[in-house]
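Shown next: final_20.cif, given as mmCIF, C-alpha atoms and all ligand atoms.
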data_data
loop_
_atom_site.group_PDB
_atom_site.id
_atom_site.type_symbol
_atom_site.label_atom_id
_atom_site.label_comp_id
_atom_site.auth_asym_id
_atom_site.auth_seq_id
_atom_site.Cartn_x
_atom_site.Cartn_y
_atom_site.Cartn_z
ATOM 1 C CA MET A 17 30.651 -9.559 -21.402
ATOM 2 C CA SER A 18 28.413 -11.250 -18.780
ATOM 3 C CA ARG A 19 31.244 -10.929 -16.225
ATOM 4 C CA MET A 20 31.021 -7.158 -16.665
ATOM 5 C CA PHE A 21 27.436 -7.206 -15.426
ATOM 6 C CA SER A 22 27.968 -9.785 -12.689
ATOM 7 C CA LEU A 23 27.379 -8.774 -9.069
ATOM 8 C CA ASP A 24 28.675 -12.066 -7.633
ATOM 9 C CA GLY A 25 30.084 -11.584 -4.138
ATOM 10 C CA LYS A 26 28.717 -8.042 -3.812
ATOM 11 C CA VAL A 27 26.569 -6.788 -0.899
ATOM 12 C CA ALA A 28 23.720 -4.463 -1.888
ATOM 13 C CA LEU A 29 21.602 -2.330 0.450
ATOM 14 C CA VAL A 30 18.355 -1.160 -1.163
ATOM 15 C CA THR A 31 16.411 1.238 1.039
ATOM 16 C CA GLY A 32 12.615 1.046 1.071
ATOM 17 C CA ALA A 33 12.662 -2.215 -0.912
ATOM 18 C CA ALA A 34 9.586 -3.823 0.646
ATOM 19 C CA TYR A 35 7.692 -3.390 -2.605
ATOM 20 C CA GLY A 36 7.498 -1.172 -5.688
ATOM 21 C CA ILE A 37 10.609 0.035 -7.487
ATOM 22 C CA GLY A 38 12.948 -0.895 -4.622
ATOM 23 C CA PHE A 39 11.719 -4.485 -4.596
ATOM 24 C CA ALA A 40 12.251 -4.832 -8.362
ATOM 25 C CA ILE A 41 15.741 -3.344 -8.171
ATOM 26 C CA ALA A 42 16.684 -5.620 -5.249
ATOM 27 C CA ARG A 43 15.331 -8.614 -7.178
ATOM 28 C CA ALA A 44 17.376 -7.686 -10.247
ATOM 29 C CA LEU A 45 20.577 -7.162 -8.238
ATOM 30 C CA ALA A 46 20.018 -10.561 -6.573
ATOM 31 C CA LYS A 47 19.556 -12.246 -9.955
ATOM 32 C CA ALA A 48 22.884 -10.678 -11.004
ATOM 33 C CA GLY A 49 24.544 -12.305 -7.960
ATOM 34 C CA ALA A 50 24.375 -9.718 -5.174
ATOM 35 C CA LYS A 51 23.558 -10.459 -1.526
ATOM 36 C CA ILE A 52 20.531 -8.264 -0.707
ATOM 37 C CA VAL A 53 19.794 -6.263 2.411
ATOM 38 C CA PHE A 54 16.803 -3.935 2.582
ATOM 39 C CA ASN A 55 14.880 -1.852 5.083
ATOM 40 C CA CYS A 56 11.453 -0.361 5.587
ATOM 41 C CA ARG A 57 9.413 0.954 8.516
ATOM 42 C CA GLY A 58 6.190 -1.038 8.492
ATOM 43 C CA LYS A 59 5.850 -4.481 10.161
ATOM 44 C CA GLU A 60 3.188 -5.563 7.660
ATOM 45 C CA HIS A 61 5.321 -4.342 4.760
ATOM 46 C CA MET A 62 8.297 -6.288 6.123
ATOM 47 C CA GLU A 63 6.341 -9.520 6.524
ATOM 48 C CA LYS A 64 4.894 -9.280 3.003
ATOM 49 C CA ALA A 65 8.291 -8.385 1.559
ATOM 50 C CA LEU A 66 10.095 -11.330 3.180
ATOM 51 C CA ALA A 67 7.412 -13.650 1.792
ATOM 52 C CA ALA A 68 7.670 -12.051 -1.656
ATOM 53 C CA TYR A 69 11.461 -12.376 -1.768
ATOM 54 C CA LYS A 70 11.195 -16.005 -0.587
ATOM 55 C CA ALA A 71 8.672 -16.702 -3.346
ATOM 56 C CA GLU A 72 11.243 -15.397 -5.835
ATOM 57 C CA GLY A 73 13.906 -17.666 -4.299
ATOM 58 C CA ILE A 74 15.882 -14.648 -3.095
ATOM 59 C CA GLU A 75 17.644 -14.756 0.293
ATOM 60 C CA VAL A 76 17.456 -11.317 1.900
ATOM 61 C CA LYS A 77 18.057 -9.691 5.264
ATOM 62 C CA GLY A 78 15.456 -7.094 6.235
ATOM 63 C CA TYR A 79 15.844 -4.288 8.773
ATOM 64 C CA PHE A 80 13.239 -2.079 10.394
ATOM 65 C CA CYS A 81 14.873 1.295 9.923
ATOM 66 C CA ASP A 82 13.547 4.780 9.204
ATOM 67 C CA VAL A 83 16.134 6.256 6.857
ATOM 68 C CA THR A 84 15.640 9.736 8.335
ATOM 69 C CA LYS A 85 16.978 8.605 11.740
ATOM 70 C CA GLU A 86 20.764 8.888 11.538
ATOM 71 C CA ASP A 87 21.518 6.865 14.697
ATOM 72 C CA ASP A 88 19.314 4.012 13.473
ATOM 73 C CA VAL A 89 20.899 4.125 10.014
ATOM 74 C CA GLN A 90 24.404 4.037 11.520
ATOM 75 C CA LYS A 91 23.409 1.014 13.665
ATOM 76 C CA MET A 92 21.847 -0.763 10.661
ATOM 77 C CA VAL A 93 24.935 -0.213 8.488
ATOM 78 C CA ALA A 94 27.251 -1.351 11.315
ATOM 79 C CA ASP A 95 25.188 -4.534 11.752
ATOM 80 C CA ILE A 96 25.185 -5.200 7.987
ATOM 81 C CA GLU A 97 28.971 -4.752 7.836
ATOM 82 C CA LYS A 98 29.366 -7.124 10.819
ATOM 83 C CA THR A 99 26.923 -9.835 9.789
ATOM 84 C CA VAL A 100 26.770 -9.682 5.966
ATOM 85 C CA GLY A 101 29.782 -7.704 4.800
ATOM 86 C CA THR A 102 30.858 -4.243 3.715
ATOM 87 C CA ILE A 103 28.243 -2.651 1.452
ATOM 88 C CA ASP A 104 29.417 -2.531 -2.179
ATOM 89 C CA ILE A 105 26.185 -1.174 -3.670
ATOM 90 C CA LEU A 106 23.767 1.321 -2.110
ATOM 91 C CA VAL A 107 20.434 2.134 -3.739
ATOM 92 C CA ASN A 108 18.779 5.155 -2.087
ATOM 93 C CA ASN A 109 15.246 4.241 -3.096
ATOM 94 C CA ALA A 110 13.057 4.952 -0.049
ATOM 95 C CA GLY A 111 10.848 7.915 -0.794
ATOM 96 C CA ILE A 112 7.436 9.488 -0.378
ATOM 97 C CA ILE A 113 5.370 12.108 -2.147
ATOM 98 C CA LYS A 114 2.672 14.449 -0.899
ATOM 99 C CA ARG A 115 0.488 15.968 -3.614
ATOM 100 C CA ILE A 116 -0.709 19.274 -2.107
ATOM 101 C CA PRO A 117 -0.939 22.745 -3.735
ATOM 102 C CA MET A 118 2.073 24.653 -2.404
ATOM 103 C CA THR A 119 0.106 27.458 -0.813
ATOM 104 C CA GLU A 120 -1.969 24.855 1.067
ATOM 105 C CA MET A 121 1.014 22.723 2.107
ATOM 106 C CA SER A 122 2.224 22.966 5.690
ATOM 107 C CA ALA A 123 5.921 23.536 6.334
ATOM 108 C CA GLU A 124 5.788 20.263 8.304
ATOM 109 C CA ASP A 125 4.565 18.344 5.254
ATOM 110 C CA PHE A 126 7.193 20.012 3.061
ATOM 111 C CA ARG A 127 9.913 19.121 5.567
ATOM 112 C CA GLU A 128 8.763 15.475 5.817
ATOM 113 C CA VAL A 129 9.062 14.955 2.064
ATOM 114 C CA VAL A 130 12.478 16.620 1.869
ATOM 115 C CA ASP A 131 13.599 14.691 4.972
ATOM 116 C CA ILE A 132 12.868 11.302 3.414
ATOM 117 C CA ASP A 133 13.609 12.081 -0.252
ATOM 118 C CA LEU A 134 16.776 14.179 0.167
ATOM 119 C CA ASN A 135 18.128 14.271 3.729
ATOM 120 C CA ALA A 136 17.882 10.487 4.070
ATOM 121 C CA PRO A 137 19.981 9.698 0.956
ATOM 122 C CA PHE A 138 22.619 11.999 2.500
ATOM 123 C CA ILE A 139 22.375 10.184 5.860
ATOM 124 C CA VAL A 140 22.560 6.680 4.370
ATOM 125 C CA SER A 141 25.321 7.569 1.889
ATOM 126 C CA LYS A 142 27.345 9.189 4.702
ATOM 127 C CA ALA A 143 27.045 5.951 6.705
ATOM 128 C CA VAL A 144 28.023 3.683 3.801
ATOM 129 C CA ILE A 145 30.821 5.611 2.037
ATOM 130 C CA PRO A 146 33.556 5.013 4.690
ATOM 131 C CA GLY A 147 33.252 1.249 4.161
ATOM 132 C CA MET A 148 33.374 1.711 0.387
ATOM 133 C CA ILE A 149 36.523 3.832 0.722
ATOM 134 C CA LYS A 150 38.181 1.139 2.846
ATOM 135 C CA LYS A 151 37.184 -1.524 0.314
ATOM 136 C CA GLY A 152 38.494 0.567 -2.611
ATOM 137 C CA HIS A 153 35.241 0.718 -4.574
ATOM 138 C CA GLY A 154 31.549 1.451 -4.315
ATOM 139 C CA LYS A 155 28.369 2.062 -6.278
ATOM 140 C CA ILE A 156 25.673 4.468 -5.140
ATOM 141 C CA ILE A 157 22.418 4.738 -7.095
ATOM 142 C CA ASN A 158 20.012 7.524 -6.117
ATOM 143 C CA ILE A 159 16.442 7.120 -7.315
ATOM 144 C CA CYS A 160 15.626 10.504 -8.781
ATOM 145 C CA SER A 161 12.549 11.399 -10.823
ATOM 146 C CA MET A 162 11.040 13.307 -13.743
ATOM 147 C CA MET A 163 10.729 15.916 -11.016
ATOM 148 C CA SER A 164 14.502 16.151 -10.873
ATOM 149 C CA GLU A 165 14.047 18.050 -14.164
ATOM 150 C CA LEU A 166 10.407 19.154 -14.378
ATOM 151 C CA GLY A 167 7.780 20.657 -12.094
ATOM 152 C CA ARG A 168 4.057 20.244 -11.986
ATOM 153 C CA GLU A 169 1.184 21.362 -9.817
ATOM 154 C CA THR A 170 0.996 20.017 -6.223
ATOM 155 C CA VAL A 171 4.466 18.413 -6.020
ATOM 156 C CA SER A 172 6.642 21.346 -4.854
ATOM 157 C CA ALA A 173 8.300 19.477 -1.960
ATOM 158 C CA TYR A 174 8.917 16.364 -4.025
ATOM 159 C CA ALA A 175 10.389 18.302 -6.972
ATOM 160 C CA ALA A 176 12.620 20.335 -4.649
ATOM 161 C CA ALA A 177 13.847 17.131 -2.995
ATOM 162 C CA LYS A 178 14.396 15.198 -6.225
ATOM 163 C CA GLY A 179 16.131 18.188 -7.825
ATOM 164 C CA GLY A 180 18.398 18.306 -4.802
ATOM 165 C CA LEU A 181 18.964 14.564 -5.036
ATOM 166 C CA LYS A 182 20.254 15.032 -8.603
ATOM 167 C CA MET A 183 22.804 17.535 -7.311
ATOM 168 C CA LEU A 184 23.703 15.361 -4.293
ATOM 169 C CA THR A 185 24.393 12.613 -6.841
ATOM 170 C CA ARG A 186 26.750 14.892 -8.744
ATOM 171 C CA ASN A 187 28.444 16.040 -5.538
ATOM 172 C CA ILE A 188 29.099 12.534 -4.225
ATOM 173 C CA CYS A 189 30.593 11.792 -7.665
ATOM 174 C CA SER A 190 32.783 14.890 -7.365
ATOM 175 C CA GLU A 191 33.891 14.287 -3.769
ATOM 176 C CA TYR A 192 34.451 10.497 -3.851
ATOM 177 C CA GLY A 193 35.118 9.651 -7.494
ATOM 178 C CA SER A 194 38.830 9.522 -6.640
ATOM 179 C CA ASN A 195 38.002 6.720 -4.171
ATOM 180 C CA ASN A 196 36.619 4.658 -7.051
ATOM 181 C CA ILE A 197 33.055 5.318 -5.950
ATOM 182 C CA GLN A 198 30.566 5.846 -8.755
ATOM 183 C CA CYS A 199 27.407 7.703 -7.742
ATOM 184 C CA ASN A 200 24.689 7.890 -10.374
ATOM 185 C CA GLY A 201 20.953 8.392 -10.463
ATOM 186 C CA ILE A 202 18.080 6.559 -12.043
ATOM 187 C CA GLY A 203 15.205 8.830 -13.032
ATOM 188 C CA PRO A 204 12.112 6.688 -13.507
ATOM 189 C CA GLY A 205 9.266 8.107 -15.567
ATOM 190 C CA TYR A 206 5.704 7.329 -14.501
ATOM 191 C CA ILE A 207 5.819 3.815 -13.054
ATOM 192 C CA ALA A 208 2.869 1.725 -11.862
ATOM 193 C CA THR A 209 3.489 1.326 -8.122
ATOM 194 C CA PRO A 210 1.522 2.103 -4.933
ATOM 195 C CA GLN A 211 3.017 5.612 -4.981
ATOM 196 C CA THR A 212 1.287 6.433 -8.286
ATOM 197 C CA ALA A 213 -1.864 4.425 -7.676
ATOM 198 C CA PRO A 214 -3.898 7.599 -6.937
ATOM 199 C CA LEU A 215 -2.987 8.859 -10.434
ATOM 200 C CA ARG A 216 -4.134 5.652 -12.126
ATOM 201 C CA THR A 217 -7.657 5.363 -10.755
ATOM 202 C CA PRO A 218 -10.177 4.394 -13.483
ATOM 203 C CA GLY A 219 -11.231 7.439 -15.493
ATOM 204 C CA ASN A 220 -8.564 9.649 -13.925
ATOM 205 C CA PRO A 221 -7.644 12.204 -16.647
ATOM 206 C CA PHE A 222 -4.027 12.010 -15.464
ATOM 207 C CA ASN A 223 -3.808 8.617 -17.201
ATOM 208 C CA SER A 224 -4.527 10.045 -20.661
ATOM 209 C CA PHE A 225 -2.285 13.003 -19.830
ATOM 210 C CA ILE A 226 0.682 10.741 -19.123
ATOM 211 C CA MET A 227 -0.048 8.663 -22.234
ATOM 212 C CA SER A 228 0.082 11.887 -24.274
ATOM 213 C CA LYS A 229 3.458 12.791 -22.759
ATOM 214 C CA THR A 230 5.066 9.345 -23.109
ATOM 215 C CA PRO A 231 6.229 8.246 -26.591
ATOM 216 C CA ALA A 232 6.073 4.648 -25.348
ATOM 217 C CA ASN A 233 2.360 5.349 -24.778
ATOM 218 C CA ARG A 234 2.257 3.325 -21.564
ATOM 219 C CA TRP A 235 2.986 3.561 -17.851
ATOM 220 C CA GLY A 236 6.343 2.128 -16.910
ATOM 221 C CA THR A 237 6.581 -1.123 -14.953
ATOM 222 C CA ILE A 238 8.976 -1.844 -12.101
ATOM 223 C CA GLU A 239 10.616 -4.413 -14.394
ATOM 224 C CA ASP A 240 11.645 -1.577 -16.745
ATOM 225 C CA LEU A 241 14.100 -0.426 -14.062
ATOM 226 C CA GLU A 242 15.860 -3.746 -13.514
ATOM 227 C CA GLY A 243 18.386 -3.606 -16.379
ATOM 228 C CA PRO A 244 19.406 0.031 -15.770
ATOM 229 C CA ALA A 245 19.932 -0.755 -12.074
ATOM 230 C CA VAL A 246 22.169 -3.770 -12.791
ATOM 231 C CA PHE A 247 24.155 -1.672 -15.268
ATOM 232 C CA LEU A 248 24.787 1.130 -12.748
ATOM 233 C CA ALA A 249 25.558 -1.383 -9.972
ATOM 234 C CA SER A 250 28.075 -3.347 -12.062
ATOM 235 C CA ASP A 251 31.594 -2.959 -13.453
ATOM 236 C CA ALA A 252 29.959 -2.123 -16.776
ATOM 237 C CA SER A 253 29.489 1.442 -15.469
ATOM 238 C CA ASN A 254 32.891 1.997 -13.806
ATOM 239 C CA PHE A 255 33.541 5.137 -15.876
ATOM 240 C CA VAL A 256 29.976 6.467 -15.573
ATOM 241 C CA ASN A 257 29.768 8.932 -12.683
ATOM 242 C CA GLY A 258 27.464 11.784 -11.701
ATOM 243 C CA HIS A 259 24.955 10.775 -14.373
ATOM 244 C CA VAL A 260 21.190 10.479 -14.048
ATOM 245 C CA LEU A 261 19.893 7.720 -16.318
ATOM 246 C CA TYR A 262 16.284 8.547 -17.160
ATOM 247 C CA VAL A 263 14.138 5.455 -17.627
ATOM 248 C CA ASP A 264 11.036 7.302 -18.754
ATOM 249 C CA GLY A 265 9.894 5.874 -22.083
ATOM 250 C CA GLY A 266 11.020 9.127 -23.703
ATOM 251 C CA ILE A 267 9.007 11.652 -21.652
ATOM 252 C CA LEU A 268 11.875 14.142 -21.234
ATOM 253 C CA ALA A 269 12.532 14.134 -24.994
ATOM 254 C CA TYR A 270 8.913 14.699 -26.014
ATOM 255 C CA LEU A 271 6.766 17.835 -26.270
ATOM 256 C CA GLY A 272 3.669 15.683 -26.101
ATOM 257 C CA ARG A 273 1.305 14.053 -28.564
ATOM 258 C CA GLN A 274 0.057 16.658 -31.023
ATOM 259 C CA PRO A 275 -3.697 17.086 -31.493
ATOM 260 C CA GLU A 276 -5.083 14.907 -34.317
HETATM 261 P P1 LIG A 301 6.347 3.217 -2.914
HETATM 262 O O1 LIG A 301 5.644 2.153 -3.689
HETATM 263 O O2 LIG A 301 5.570 4.225 -2.155
HETATM 264 O O3 LIG A 301 7.425 2.510 -1.922
HETATM 265 C C1 LIG A 301 8.193 3.343 -1.098
HETATM 266 C C2 LIG A 301 9.039 2.451 -0.215
HETATM 267 O O4 LIG A 301 9.836 3.279 0.638
HETATM 268 C C3 LIG A 301 8.231 1.539 0.684
HETATM 269 O O5 LIG A 301 8.943 0.306 0.829
HETATM 270 C C4 LIG A 301 8.252 2.281 2.027
HETATM 271 O O6 LIG A 301 8.081 1.331 3.054
HETATM 272 C C5 LIG A 301 9.652 2.883 1.993
HETATM 273 N N1 LIG A 301 9.830 4.076 2.841
HETATM 274 C C6 LIG A 301 9.157 5.241 2.768
HETATM 275 N N2 LIG A 301 9.614 6.095 3.702
HETATM 276 C C7 LIG A 301 10.612 5.450 4.371
HETATM 277 C C8 LIG A 301 11.470 5.807 5.450
HETATM 278 N N3 LIG A 301 11.393 7.006 6.039
HETATM 279 N N4 LIG A 301 12.370 4.897 5.872
HETATM 280 C C9 LIG A 301 12.454 3.687 5.296
HETATM 281 N N5 LIG A 301 11.669 3.277 4.260
HETATM 282 C C10 LIG A 301 10.760 4.171 3.823
HETATM 283 O O7 LIG A 301 7.278 4.039 -3.906
HETATM 284 P P2 LIG A 301 7.818 3.670 -5.369
HETATM 285 O O8 LIG A 301 6.862 4.144 -6.398
HETATM 286 O O9 LIG A 301 8.286 2.249 -5.386
HETATM 287 O O10 LIG A 301 9.068 4.662 -5.426
HETATM 288 C C11 LIG A 301 10.324 4.263 -4.942
HETATM 289 C C12 LIG A 301 11.266 5.420 -5.226
HETATM 290 O O11 LIG A 301 11.180 5.767 -6.614
HETATM 291 C C13 LIG A 301 10.906 6.697 -4.466
HETATM 292 O O12 LIG A 301 12.090 7.394 -4.130
HETATM 293 C C14 LIG A 301 10.116 7.508 -5.509
HETATM 294 O O13 LIG A 301 10.186 8.895 -5.251
HETATM 295 C C15 LIG A 301 10.859 7.144 -6.749
HETATM 296 N N6 LIG A 301 10.127 7.316 -8.007
HETATM 297 C C16 LIG A 301 8.928 6.692 -8.194
HETATM 298 C C17 LIG A 301 8.296 6.839 -9.447
HETATM 299 C C18 LIG A 301 6.978 6.204 -9.760
HETATM 300 O O14 LIG A 301 6.374 6.579 -10.798
HETATM 301 N N7 LIG A 301 6.499 5.269 -8.965
HETATM 302 C C19 LIG A 301 8.899 7.586 -10.448
HETATM 303 C C20 LIG A 301 10.119 8.224 -10.183
HETATM 304 C C21 LIG A 301 10.724 8.067 -8.965
HETATM 305 P P3 LIG A 301 7.562 1.783 4.545
HETATM 306 O O15 LIG A 301 6.456 2.781 4.334
HETATM 307 O O16 LIG A 301 7.129 0.504 5.202
HETATM 308 O O17 LIG A 301 8.738 2.393 5.218
HETATM 309 C C1 LIG A 302 3.451 12.683 -9.667
HETATM 310 C C2 LIG A 302 4.130 11.349 -9.678
HETATM 311 C C3 LIG A 302 5.574 11.514 -10.095
HETATM 312 C C4 LIG A 302 6.231 10.166 -10.117
HETATM 313 C C5 LIG A 302 7.641 10.261 -10.521
HETATM 314 C C6 LIG A 302 7.831 10.747 -11.909
HETATM 315 O O1 LIG A 302 2.626 12.908 -8.776
HETATM 316 O O2 LIG A 302 3.744 13.470 -10.585
HETATM 317 O O3 LIG A 302 4.056 10.722 -8.415
HETATM 318 O O4 LIG A 302 6.234 12.356 -9.209
HETATM 319 O O5 LIG A 302 6.203 9.580 -8.853
HETATM 320 O O6 LIG A 302 8.428 10.948 -9.602
HETATM 321 O O7 LIG A 302 9.197 10.577 -12.236
#
Let me see the structure of the file written as structure tokens.
Ligand code: NAP
Ligand code: GCO
Amino acid sequence: MSRMFSLDGKVALVTGAAYGIGFAIARALAKAGAKIVFNCRGKEHMEKALAAYKAEGIEVKGYFCDVTKEDDVQKMVADIEKTVGTIDILVNNAGIIKRIPMTEMSAEDFREVVDIDLNAPFIVSKAVIPGMIKKGHGKIINICSMMSELGRETVSAYAAAKGGLKMLTRNICSEYGSNNIQCNGIGPGYIATPQTAPLRTPGNPFNSFIMSKTPANRWGTIEDLEGPAVFLASDASNFVNGHVLYVDGGILAYLGRQPE
């Protein structure tokens, strides 16, 4: 059974894995045997990430690469394939959110969110799939969201992007499943990372709101995503395709805590 979940000999690219969810997923894939490559944009983020991976005893190769820049992505993937090996596992994790009421949001802000959260997974997947086809297998994991299914105030761009990412996941499954490429999503619930830090400030009513919507009655941790990621990256999921695995503590199943 353990062989089924082994990633020994596999090369995994995790985008935006300097910290947060991407870092945890990269760490988990490394512990399962994968060779890890990651990218981010910030020099400070890169330095801290390399130190953090080293502290975990994980050998990684980091690239400065903005996932929205197709030429840079193509160069990064070519260098990975030349110096590390063909990419077996791609995790499209890099993402941003802008919380602005739609009628106050500029088209530029809307475009930036969609560019990083939806266009970039297309760009990176397009760069990686040819190598997977040549190799005869591949695993793509797109990091979706509760907002792939639900809306809420101030996150119009993010919800549109993550809803699109769910359908891109299904389309990659449809178009490349015959090449033995499995493309699935992970839909994290509300996870404690820098991205959600503004929602978790002391006394912020959003905290109690999320507790009332989560049967698990807690924020998720980045560690909660490690097992699901290894499952979708491994042979254990070879007949799972086009699926979004929600790791949300039950939010999507729950109307919300009833008044006492
Ligand atoms: P985070 O803490 O803000 O980390 C985002 C990462 O992406 C950082 O490493 C950032 O590094 C990188 N990044 C952003 N834009 C990039 C770009 N254009 N090119 C390359 N790297 C880029 O976010 P997180 O909470 O870990 O979320 C990670 C993913 O999970 C995102 O897709 C997010 O939408 C999704 N998600 C998060 C939650 C949650 O509750 N936290 C729930 C569901 C889904 P640089 O800025 O240095 O580039
Ligand atoms: C928000 C949060 C969410 C989470 C996540 C939920 O403002 O509602 O940032 O969008 O990041 O996507 O799955």
Check every protein, DNA and RNA residue against ligand LIG 301 (chain A), keep those with an atom at most 6 Å away (counting all atoms listed in the file), and present them as a CSV table (one decimal) with C-alpha atoms, keeping the file's coordinate frame.
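And here's pocket.csv as it stands now:
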chain,number,residue,atom,x,y,z
A,32,GLY,CA,12.6,1.0,1.1
A,33,ALA,CA,12.7,-2.2,-0.9
A,34,ALA,CA,9.6,-3.8,0.6
A,35,TYR,CA,7.7,-3.4,-2.6
A,36,GLY,CA,7.5,-1.2,-5.7
A,37,ILE,CA,10.6,0.0,-7.5
A,38,GLY,CA,12.9,-0.9,-4.6
A,56,CYS,CA,11.5,-0.4,5.6
A,57,ARG,CA,9.4,1.0,8.5
A,58,GLY,CA,6.2,-1.0,8.5
A,61,HIS,CA,5.3,-4.3,4.8
A,81,CYS,CA,14.9,1.3,9.9
A,82,ASP,CA,13.5,4.8,9.2
A,83,VAL,CA,16.1,6.3,6.9
A,84,THR,CA,15.6,9.7,8.3
A,109,ASN,CA,15.2,4.2,-3.1
A,110,ALA,CA,13.1,5.0,0.0
A,111,GLY,CA,10.8,7.9,-0.8
A,112,ILE,CA,7.4,9.5,-0.4
A,132,ILE,CA,12.9,11.3,3.4
A,159,ILE,CA,16.4,7.1,-7.3
A,160,CYS,CA,15.6,10.5,-8.8
A,161,SER,CA,12.5,11.4,-10.8
A,203,GLY,CA,15.2,8.8,-13.0
A,204,PRO,CA,12.1,6.7,-13.5
A,205,GLY,CA,9.3,8.1,-15.6
A,206,TYR,CA,5.7,7.3,-14.5
A,207,ILE,CA,5.8,3.8,-13.1
A,208,ALA,CA,2.9,1.7,-11.9
A,209,THR,CA,3.5,1.3,-8.1
A,210,PRO,CA,1.5,2.1,-4.9
A,211,GLN,CA,3.0,5.6,-5.0
A,212,THR,CA,1.3,6.4,-8.3
Review point. Mind listing as a PyMOL selection string all residues within 12 Å of (23.7, 7.1, 11.8), counting all atoms listed in the file?
Key: chain A and resi 81-95+136-144
**Study point:** Minimum-distance residue to Lys51 in chain A, chosen among A:Glu63, A:Asp104, A:Glu72, A:Asp251 (using all atoms listed in the file)
**Key:**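 Checking each of A:Glu63, A:Asp104, A:Glu72, A:Asp251 against Lys51 in chain A, counting all atoms listed in the file, the winner is A:Asp104.
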Check your understanding: What is the CA of Thr119 in chain A to CA of Asp131 in chain A distance in Å?
Key -> 19.5 Å
Practice item. Give the answer as one residue: which of A:Ala173, A:Ala67, A:Leu248, A:Leu29 has the shortest atom-to-atom distance to Ile197 in chain A, using all atoms listed in the file? Key: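 Of all the options, A:Leu248 lies closest to Ile197 in chain A.
With CA of Asp125 in chain A on one side and CA of Thr170 in chain A on the other, the separation reads 12.1 Å.
When the PyMOL selection byres (((chain A and resi 75) around 10) and not hetatm) is evaluated on the file shown here, the picked residues come out as Arg43, Ala46, Lys51, Ile52, Val53, Leu66, Tyr69, Lys70, Ala71, Glu72, Gly73, Ile74, Val76, Lys77 and Gly78 of chain A.
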Exercise for review: Check the smallest atom-to-atom distance from each of A:Lys114, A:Lys182, A:Arg234, A:Lys26 to Glu169 in chain A using all atoms listed in the file, then report the winner.
Suggested key: A:Lys114
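Using only C-alpha atoms for every distance, the candidate list A:Ala44, A:Met62, A:Gly243, A:Ser194 yields A:Ser194 as the residue closest to Gly152 in chain A.
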